[in-house]
Amino acid sequence: MFDDLNDLYQQVILDHCKKPRNFHELPAATCSAQGHNPLCGDQLKLFLALDGDKINDISFTGSGCCISKASASLLTDFAKGKTRGDLENMFGHVREMITTGKVADDVGKLAVFAGVHKYPARVKCAMLAWHAAMAALKGDQKPVTTESEEI
Amino acid sequence: MSRTSPDWSALRKDFPILDQKIHGKPLIYFDNAATSQKPRAVIDALVHYYGHDNANVHRGIHELSNRSTMAFEAARVRSAKFINARSADEIIFTRGTTEGINLVANSWGGKNLKAGDVILLTEMEHHSNLVPWQMLAQRTGAKLAYVPVTGDEAHLDLAKLDSLLTKKVKLFAMVHISNSMGTVNPVAELCARARKLGITTLVDGAQSAGHCLVDVQAIGCDFFAFSGHKICGPTGIGVLWGRQELLDAMPPYQGGGEMILSVEYQKTEFKKAPHRFEAGTPDISGPIGLHAAMDYLDAIGRENIWKHDQELANHAYEKLAALKNIRLFGPKQNRAGLVSFLLKDVHAHDVVTLADQAGVALRGGHHCTQPLMHKLGVESTARASFYFYNTKAEVDRFVEVVKEIQKFFGQ
């Protein structure tokens with residue numbers, strides 16, 4: 001019945017939604033940020049443990065739809081061990097991909113989100129964790145919302 | 001057409017929008033609590049108005065202005081009849097329920113509320129009947145109190161009402177039918193109890209006006225607000241009804257043309273209600289479309305519509321209740337025409353995206369009742385809401401789709 005949705009709900013996404021990775025608080029966190037989607041009430045909190053520019057550890061907590069949870073889970077998977085610059089760079093690629101469907105060469109597993117652009121109502125779900133991650137890097141104390149960011 | 005047994009399938013054909021496919025599947029429109037679809041009669045009334053009669057209302061001397069003024073004011077008379085108001089002078093045209101409530105909060109509330117007064121609401125209010133009062137409370141120093149909701153069945157806890165209806169309460173505002181739970185509140189009883197203590201009452205009729213017979217005199221409230229677009233009318237038009245003596249004592253809501261008797265550089269004399277509350281060129285086609293919608297609904301009979309709504313909701317509730325891993329919200333008995341639910345470990349937005357793929361239009365989210373969602377310990381629910389053009393076969397198909405969604409997420 002839902003064959004056409006395989007673009008949106010790829011197996012990797014379903015897997016990360018059911019078994020989110022790095023889904024816990026992070027006592028060693030050096031920074032964190034909250035993401036809020038007022039349209040659905042979804043709340044995510046992202047924790048980063050930075051050592052200089054290196055992301056030693058990263059995790060998240062909160063509630064959300066399949067797309068937002070899987071996006072947060074895959075983000076943490078990607079970011080662990082990378083640098084601040086890597087994450088900022090990937091943010092640009094992911095935003096481009098999720099809003100236009102254009103997949104950059106080095107997005108790896110994150111390419112599973114390319115289909116989201118066909119579902120405008122769900123773009124914000126996929127971007128929520130990414131905006132929260134950028135806010136955490138910037139040290140923003142105020143929660144980011146999908147309504148205040150240009151997503 | 002017989003008043004006692006409408007030909008529902010013939011009525012469905014009055015709605016051109018329903019005859020289409022969504023993602024290759026026949027459209028099943030179950031988002032009626034958000035907005036209803038429009039019958040040909042309403043669309044034709046709008047087309048006719050703009051094609052033949054369009055001109056600005058009031059003050060005009062020419063023929064077109066006469067026609068549009070007559071049609072505009074005829075809609076006011078029709079609206080009074082629709083809710084059994086004593087007079088068309090008690091009918092204020094607004095943009096919708098939200099603006100009606102804001103008008104009362106600003107005009108009546110601004111004049112009558114002071115620090116220490118209490119505004120009593122219920123925990124199941126839509127944001128439109130909560131935020132304006134919060135803003136008023138912040139401006140005046142008044143306090144908000146809430147009649148509690150009992151839990152997932154979402155009844156009002158009426159045992160608590162006596163202790164909440166204190167001398168400090170100046171206004172009791174309540175929703176007639178909950179948009180997120182389907183609860184039908186005993187508004188006549190609530191208003192009677194408030195009235196005994198001299199408390200002014202407002203009923204949010206957004207979900208009731210087009211679905212059941214509404215008699216504001218029988219309800220015994222002081223204000224009643226509803227929207228045109230949820231009752232087969234156009235968007236952008238609504239009705240606020242208020243008791244004449246209250247409206248006459250209220251200051252204007254907005255200033256401008258149409259609402260004045262005379263203007264000088266330093267002062268203005270205002271018209272009486274309802275025109276005092278309708279500044280500027282109004283939405284003219286809106287009331288005209290609304291008039292057609294009211295005629296259309298009453299030709300079917302709102303008692304018939306209510307019965308049909310309830311049958312569909314009960315059928316949906318029973319079939320969903322038989323599924324595993326589902327949490328249902330709202331009353332088991334006497335439910336209005338909607339069902340709110342959550343599937344275990346599946347977010348409401350995922351339910352809605354999958355249902356859409358199968359042609360079924362649902363809504364997922366907090367339904368503008370966020371405090372109630374938090375009280376029930378959820379962020380959101382999925383909701384199917386029905387109207388008279390929906391069928392039992394559509395409900396059956398919807399339940400099959402829900403089962404498929406459960407399978408998709410491995411349940």
# chains A, B, ... in the order shown; residues from 1 in each chain; ligands from 1
$ residues_around --residues "segment 94-111 of chain B" --least-positions-apart "3" --cutoff "7 Å" --atoms "only C-alpha atoms" --output "MDAnalysis selection string"
chainID B and resid 128:129 132:133 136 206 225:228 236:240 250:253
$ write_last_selection --atoms "all heavy atoms" --output "compact mmCIF listing (two decimals), in the first residue's frame"
# COMPACT_ATOMS: atom_id res chain seq x y z
N SER B 128 -7.46 29.12 20.64
CA SER B 128 -8.22 30.34 20.32
C SER B 128 -9.10 30.78 21.49
O SER B 128 -9.49 31.93 21.56
CB SER B 128 -9.09 30.11 19.08
OG SER B 128 -10.05 29.11 19.36
N ASN B 129 -9.43 29.86 22.37
CA ASN B 129 -10.22 30.22 23.56
C ASN B 129 -9.37 30.16 24.82
O ASN B 129 -9.87 29.95 25.91
CB ASN B 129 -11.45 29.30 23.68
CG ASN B 129 -12.54 29.89 24.56
OD1 ASN B 129 -12.65 31.12 24.71
ND2 ASN B 129 -13.36 29.03 25.15
N PRO B 132 -6.24 34.33 23.95
CA PRO B 132 -6.77 35.69 24.14
C PRO B 132 -7.03 36.01 25.62
O PRO B 132 -6.82 37.15 26.05
CB PRO B 132 -8.09 35.68 23.37
CG PRO B 132 -7.95 34.59 22.37
CD PRO B 132 -7.10 33.54 23.03
N TRP B 133 -7.45 35.01 26.39
CA TRP B 133 -7.71 35.22 27.83
C TRP B 133 -6.40 35.36 28.60
O TRP B 133 -6.31 36.12 29.55
CB TRP B 133 -8.57 34.09 28.38
CG TRP B 133 -9.84 33.93 27.62
CD1 TRP B 133 -10.23 32.84 26.89
CD2 TRP B 133 -10.89 34.90 27.46
NE1 TRP B 133 -11.45 33.07 26.29
CE2 TRP B 133 -11.88 34.32 26.62
CE3 TRP B 133 -11.08 36.20 27.93
CZ2 TRP B 133 -13.04 35.01 26.25
CZ3 TRP B 133 -12.24 36.87 27.56
CH2 TRP B 133 -13.20 36.28 26.73
N LEU B 136 -5.29 38.80 27.97
CA LEU B 136 -6.12 39.73 28.75
C LEU B 136 -5.70 39.69 30.22
O LEU B 136 -5.62 40.74 30.88
CB LEU B 136 -7.59 39.35 28.60
CG LEU B 136 -8.60 40.20 29.39
CD1 LEU B 136 -8.62 41.64 28.87
CD2 LEU B 136 -9.99 39.58 29.33
N ALA B 206 -17.10 26.51 17.52
CA ALA B 206 -16.44 26.22 16.24
C ALA B 206 -16.79 24.81 15.74
O ALA B 206 -16.99 24.61 14.55
CB ALA B 206 -14.93 26.39 16.39
N ALA B 225 -19.45 32.00 19.64
CA ALA B 225 -18.64 32.32 18.45
C ALA B 225 -18.49 31.07 17.59
O ALA B 225 -18.34 29.96 18.11
CB ALA B 225 -17.26 32.82 18.88
N PHE B 226 -18.57 31.26 16.27
CA PHE B 226 -18.28 30.14 15.36
C PHE B 226 -17.73 30.65 14.04
O PHE B 226 -17.72 31.84 13.77
CB PHE B 226 -19.51 29.24 15.17
CG PHE B 226 -20.69 29.87 14.48
CD1 PHE B 226 -20.92 29.66 13.12
CD2 PHE B 226 -21.59 30.65 15.19
CE1 PHE B 226 -22.03 30.22 12.48
CE2 PHE B 226 -22.70 31.21 14.57
CZ PHE B 226 -22.92 31.01 13.21
N SER B 227 -17.23 29.70 13.22
CA SER B 227 -16.57 30.01 11.96
C SER B 227 -17.40 29.51 10.79
O SER B 227 -18.02 28.45 10.88
CB SER B 227 -15.20 29.32 11.89
OG SER B 227 -14.39 29.71 12.97
N GLY B 228 -17.35 30.26 9.69
CA GLY B 228 -18.07 29.83 8.50
C GLY B 228 -17.44 28.65 7.80
O GLY B 228 -18.13 27.76 7.29
N GLY B 236 -12.56 32.92 6.24
CA GLY B 236 -12.47 34.37 6.44
C GLY B 236 -13.75 35.00 6.95
O GLY B 236 -13.82 36.22 7.09
N ILE B 237 -14.78 34.19 7.21
CA ILE B 237 -16.01 34.75 7.76
C ILE B 237 -16.43 33.92 8.99
O ILE B 237 -16.32 32.69 8.98
CB ILE B 237 -17.16 34.80 6.71
CG1 ILE B 237 -18.39 35.51 7.29
CG2 ILE B 237 -17.53 33.41 6.21
CD1 ILE B 237 -18.20 36.97 7.58
N GLY B 238 -16.86 34.61 10.00
CA GLY B 238 -17.36 33.94 11.20
C GLY B 238 -18.42 34.81 11.85
O GLY B 238 -18.69 35.92 11.39
N VAL B 239 -19.01 34.27 12.88
CA VAL B 239 -20.08 34.99 13.57
C VAL B 239 -19.77 35.04 15.06
O VAL B 239 -19.38 34.03 15.66
CB VAL B 239 -21.44 34.28 13.33
CG1 VAL B 239 -22.51 34.82 14.29
CG2 VAL B 239 -21.88 34.45 11.88
N LEU B 240 -19.92 36.22 15.62
CA LEU B 240 -19.96 36.34 17.08
C LEU B 240 -21.36 36.78 17.44
O LEU B 240 -21.85 37.81 16.95
CB LEU B 240 -18.94 37.38 17.58
CG LEU B 240 -19.09 37.71 19.06
CD1 LEU B 240 -18.70 36.52 19.94
CD2 LEU B 240 -18.27 38.94 19.45
N MET B 250 -20.60 47.63 25.32
CA MET B 250 -19.18 47.35 25.05
C MET B 250 -18.56 48.43 24.18
O MET B 250 -19.19 48.89 23.23
CB MET B 250 -19.03 45.98 24.37
CG MET B 250 -19.10 44.81 25.37
SD MET B 250 -19.50 43.22 24.60
CE MET B 250 -18.28 43.05 23.32
N PRO B 251 -17.30 48.80 24.47
CA PRO B 251 -16.62 49.77 23.60
C PRO B 251 -16.25 49.12 22.26
O PRO B 251 -16.19 47.89 22.16
CB PRO B 251 -15.36 50.11 24.39
CG PRO B 251 -15.12 48.95 25.27
CD PRO B 251 -16.46 48.37 25.59
N PRO B 252 -16.00 49.94 21.22
CA PRO B 252 -15.62 49.37 19.92
C PRO B 252 -14.36 48.52 20.04
O PRO B 252 -13.57 48.66 20.97
CB PRO B 252 -15.34 50.60 19.06
CG PRO B 252 -16.03 51.72 19.73
CD PRO B 252 -16.05 51.40 21.19
N TYR B 253 -14.21 47.63 19.07
CA TYR B 253 -13.05 46.73 19.01
C TYR B 253 -11.97 47.36 18.14
O TYR B 253 -10.82 47.49 18.54
CB TYR B 253 -13.54 45.40 18.45
CG TYR B 253 -12.51 44.38 18.08
CD1 TYR B 253 -11.50 44.01 18.97
CD2 TYR B 253 -12.57 43.73 16.85
CE1 TYR B 253 -10.57 43.04 18.64
CE2 TYR B 253 -11.64 42.76 16.51
CZ TYR B 253 -10.65 42.42 17.40
OH TYR B 253 -9.74 41.47 17.05
$ closest_atom_pairs --of "chain B" --to "chain A" --cutoff "8 Å" --atoms "only C-alpha atoms" --output "Markdown table"
| residue | atom | partner | partner_atom | distance |
| --- | --- | --- | --- | --- |
| B:Val346 | CA | A:Cys65 | CA | 7.3 |
| B:His347 | CA | A:Cys65 | CA | 4.8 |
| B:Ala348 | CA | A:Cys65 | CA | 7.3 |
| B:His349 | CA | A:Cys65 | CA | 6.3 |
| B:Asp350 | CA | A:Cys65 | CA | 6.3 |
| B:Leu354 | CA | A:Phe2 | CA | 6.8 |
| B:Gln357 | CA | A:Phe2 | CA | 6.5 |
| B:Ala358 | CA | A:Met1 | CA | 6.9 |
| B:Gly364 | CA | A:Cys40 | CA | 7.6 |
| B:Gly365 | CA | A:Cys40 | CA | 4.7 |
| B:His366 | CA | A:Cys40 | CA | 6.2 |
| B:Gln370 | CA | A:Gly41 | CA | 7.9 |
| B:Glu379 | CA | A:Gly41 | CA | 5.6 |
| B:Ser380 | CA | A:Cys40 | CA | 6.5 |
| B:Glu404 | CA | A:Met1 | CA | 7.4 |
| B:Phe409 | CA | A:Leu14 | CA | 7.7 |
$ closest_residue --among "B:Gln37, B:Asn179, B:Asn32, B:Ser285" --to "Arg12 of chain B" --atoms "only C-alpha atoms"
B:Gln37
$ residues_around --residues "Val42 of chain B" --least-positions-apart "3" --cutoff "7 Å" --atoms "only C-alpha atoms" --output "number ranges by chain"
B: 38-39, 45-46, 233, 289, 292-293
$ write_last_selection --atoms "N, CA, C and O atoms" --output "JSON list (two decimals), in the first residue's frame"
[["chain", "number", "residue", "atom", "x", "y", "z"],
["B", 38, "LYS", "N", -16.76, 22.52, 0.48],
["B", 38, "LYS", "CA", -17.83, 23.45, 0.12],
["B", 38, "LYS", "C", -18.74, 22.86, -0.95],
["B", 38, "LYS", "O", -18.25, 22.40, -2.00],
["B", 39, "PRO", "N", -20.05, 22.91, -0.73],
["B", 39, "PRO", "CA", -20.98, 22.41, -1.74],
["B", 39, "PRO", "C", -21.09, 23.38, -2.92],
["B", 39, "PRO", "O", -20.79, 24.58, -2.77],
["B", 45, "ALA", "N", -22.91, 30.67, -5.07],
["B", 45, "ALA", "CA", -23.31, 31.94, -4.45],
["B", 45, "ALA", "C", -22.17, 32.96, -4.54],
["B", 45, "ALA", "O", -22.40, 34.14, -4.81],
["B", 46, "LEU", "N", -20.93, 32.47, -4.35],
["B", 46, "LEU", "CA", -19.77, 33.37, -4.44],
["B", 46, "LEU", "C", -19.57, 33.84, -5.88],
["B", 46, "LEU", "O", -19.33, 35.03, -6.13],
["B", 233, "GLY", "N", -19.14, 26.93, 4.68],
["B", 233, "GLY", "CA", -19.02, 28.29, 4.16],
["B", 233, "GLY", "C", -17.59, 28.61, 3.78],
["B", 233, "GLY", "O", -16.69, 27.77, 3.91],
["B", 289, "GLY", "N", -21.74, 33.76, 1.07],
["B", 289, "GLY", "CA", -21.46, 32.32, 0.98],
["B", 289, "GLY", "C", -21.94, 31.58, 2.22],
["B", 289, "GLY", "O", -22.47, 30.47, 2.14],
["B", 292, "ALA", "N", -25.63, 30.88, 2.07],
["B", 292, "ALA", "CA", -25.91, 29.71, 1.24],
["B", 292, "ALA", "C", -25.60, 28.42, 1.99],
["B", 292, "ALA", "O", -26.33, 27.42, 1.89],
["B", 293, "ALA", "N", -24.52, 28.44, 2.77],
["B", 293, "ALA", "CA", -24.13, 27.25, 3.53],
["B", 293, "ALA", "C", -25.18, 26.93, 4.60],
["B", 293, "ALA", "O", -25.56, 25.76, 4.79]]
$ closest_residue --among "A:Ile13, A:Val116, A:Leu137, A:Ile98" --to "Gly52 of chain A" --atoms "only C-alpha atoms"
A:Leu137
$ residues_around --residues "Val147 of chain B" --least-positions-apart "4" --cutoff "8 Å" --atoms "only C-alpha atoms" --output "list in words"
Leu120, Leu121, Thr122, Glu123, Leu156, Asp157, Leu158, Lys160, Leu161 and Leu164 of chain B
$ write_last_selection --atoms "C-alpha atoms" --output "PDB file, in the first residue's frame"
ATOM      1  CA  LEU B 120     -12.525  30.351  34.252  1.00  0.00           C
ATOM      2  CA  LEU B 121     -11.738  28.107  31.270  1.00  0.00           C
ATOM      3  CA  THR B 122     -11.595  24.351  30.775  1.00  0.00           C
ATOM      4  CA  GLU B 123      -8.458  22.296  30.264  1.00  0.00           C
ATOM      5  CA  LEU B 156     -14.878  17.728  32.357  1.00  0.00           C
ATOM      6  CA  ASP B 157     -14.530  16.975  36.056  1.00  0.00           C
ATOM      7  CA  LEU B 158     -17.819  18.608  37.044  1.00  0.00           C
ATOM      8  CA  LYS B 160     -14.751  20.351  40.856  1.00  0.00           C
ATOM      9  CA  LEU B 161     -16.992  23.012  39.351  1.00  0.00           C
ATOM     10  CA  LEU B 164     -14.052  26.779  40.972  1.00  0.00           C
TER      11      LEU B 164
END
$ select_by_dssp --residues "chain A" --states "helix (DSSP H, G or I)" --output "JSON, numbers by chain"
{"A": [3, 4, 5, 6, 7, 11, 12, 13, 14, 15, 16, 17, 18, 66, 67, 68, 69, 70, 71, 72, 73, 74, 75, 76, 77, 78, 79, 84, 85, 86, 87, 88, 89, 90, 91, 92, 93, 94, 95, 96, 97, 98, 99, 100, 105, 106, 107, 108, 109, 110, 111, 112, 113, 114, 115, 116, 117, 118, 120, 121, 122, 123, 124, 125, 126, 127, 128, 129, 130, 131, 132, 133, 134, 135, 136, 137, 138]}
$ atom_distance --atom1 "atom CA of Lys118 of chain A" --atom2 "atom CA of Gly35 of chain A"
22.8 Å
